[in-house]
Amino acid sequence: MKVAFGMKAHSGWAALVVVGKTDGDFLVIDRRRIELVEEEWAKQPYHAAEDLKPRAARDVVKRGVEAAHRIAVREMRAAVKRAQDQENEVTACAVLVANPMPDWSIEEILAVHFRMHKAEGVLFRDALVRAAKACGLRLVAIPENVLMKHAKSALRVSESGLMKEAVMLGKAVGPPWGKDQKDAALAALVALRGCSK
């Protein structure tokens with residue numbers, strides 16, 4: 001069957017929900033936590049570089065960003081393979097994204113603590129976006145702060161109808177099914193809807 005990924009990133013990991021449609025009903029094909037770091041410091045590479053000299057700080061941040069991108073591609077490929085092994089076709093990948101960051105240098109980010117948090121908040125979302133593109137998936141980037149509005153428009157369903165659908169999907173697969181999984185599932189529904197037009 002045709003399926004779509006929905007992904008919601010955090011520092012160092014992401015919630016993945018894979019949704020398909022059969023006989024008019026949506027169902028969760030897979031649901032898991034994807035690890036996007038191999039070392040603890042890499043969850044917050046800007047914080048890890050905060051007290052270092054400029055050259056060492058740039059190196060730490062660069063290594064953290066490169067590792068996040070590499071691991072995201074590896075994990076995305078593994079998710080695609082799992083779906084294909086179940087004889088499903090991945091038609092799209094929806095990633096919940098943040099507002100874009102200004103074009104700050106590493107030094108400018110490290111100079112203001114708030115910027116470090118913003119950079120790290122964008123890092124893993126961007127890694128997932130790049131991974132979807134690297135795997136040849138149709139990317140559906142949805143700003144996280146307008147997910148519900150976007151889903152209502154794309155799916156032509158009321159907010160209460162969307163919440164009911166998210167709850168029903170969760171009941172079918174059991175816990176964990178918190179906000180991360182519900183948001184990722186709604187994003188996947190939007191992506192899947194776009195593929196059926």
# chains A, B, ... in the order shown; residues from 1 in each chain; ligands from 1
$ residues_around --residues "A:Val140" --least-positions-apart "3" --cutoff "10 Å" --atoms "only C-alpha atoms" --output "ChimeraX atom specification"
/A:4-6,92-97,129,132,137,143,187-188,190-192,194
$ write_last_selection --atoms "C-alpha atoms" --output "PDB file, in the first residue's frame"
ATOM      1  CA  ALA A   4       3.698   8.345   4.183  1.00  0.00           C
ATOM      2  CA  PHE A   5       6.119   9.208   6.955  1.00  0.00           C
ATOM      3  CA  GLY A   6       5.399  11.843   9.587  1.00  0.00           C
ATOM      4  CA  ALA A  92       6.129  11.151   0.910  1.00  0.00           C
ATOM      5  CA  CYS A  93       7.801  12.282   4.104  1.00  0.00           C
ATOM      6  CA  ALA A  94       6.264  15.051   6.202  1.00  0.00           C
ATOM      7  CA  VAL A  95       8.645  16.825   8.567  1.00  0.00           C
ATOM      8  CA  LEU A  96       7.429  19.293  11.165  1.00  0.00           C
ATOM      9  CA  VAL A  97       9.766  22.260  10.766  1.00  0.00           C
ATOM     10  CA  VAL A 129      14.501  17.468   5.709  1.00  0.00           C
ATOM     11  CA  ALA A 132      14.152  12.918   3.029  1.00  0.00           C
ATOM     12  CA  LEU A 137      11.222  11.144  -0.976  1.00  0.00           C
ATOM     13  CA  PRO A 143       5.588  24.513  10.100  1.00  0.00           C
ATOM     14  CA  ALA A 187       1.710  15.308   9.363  1.00  0.00           C
ATOM     15  CA  ALA A 188       1.795  11.867   7.715  1.00  0.00           C
ATOM     16  CA  VAL A 190      -1.340  15.472   5.209  1.00  0.00           C
ATOM     17  CA  ALA A 191       1.505  13.946   3.168  1.00  0.00           C
ATOM     18  CA  LEU A 192      -0.550  10.884   2.290  1.00  0.00           C
ATOM     19  CA  GLY A 194      -1.212  14.975  -1.107  1.00  0.00           C
TER      20      GLY A 194
END
$ residues_around --residues "stretch 17-34 of chain A" --least-positions-apart "6" --cutoff "7 Å" --atoms "only C-alpha atoms" --output "VMD selection string"
chain A and resid 1 to 7 75 169 181 184 to 185 188 to 189
$ select_by_dssp --residues "stretch 70-140 of chain A" --states "strand (DSSP E or B)" --output "ChimeraX atom specification"
/A:89-97,139-140
$ write_last_selection --atoms "C-alpha atoms" --output "CSV table (one decimal), in the first residue's frame"
chain,number,residue,atom,x,y,z
A,89,GLU,CA,5.5,2.2,-1.2
A,90,VAL,CA,6.7,5.4,0.6
A,91,THR,CA,5.1,8.2,-1.3
A,92,ALA,CA,6.1,11.2,0.9
A,93,CYS,CA,7.8,12.3,4.1
A,94,ALA,CA,6.3,15.1,6.2
A,95,VAL,CA,8.6,16.8,8.6
A,96,LEU,CA,7.4,19.3,11.2
A,97,VAL,CA,9.8,22.3,10.8
A,139,LEU,CA,9.1,16.3,1.1
A,140,VAL,CA,6.2,17.9,2.8
$ atom_distance --atom1 "atom CA of A:Leu155" --atom2 "atom CA of A:Ala141"
15.6 Å
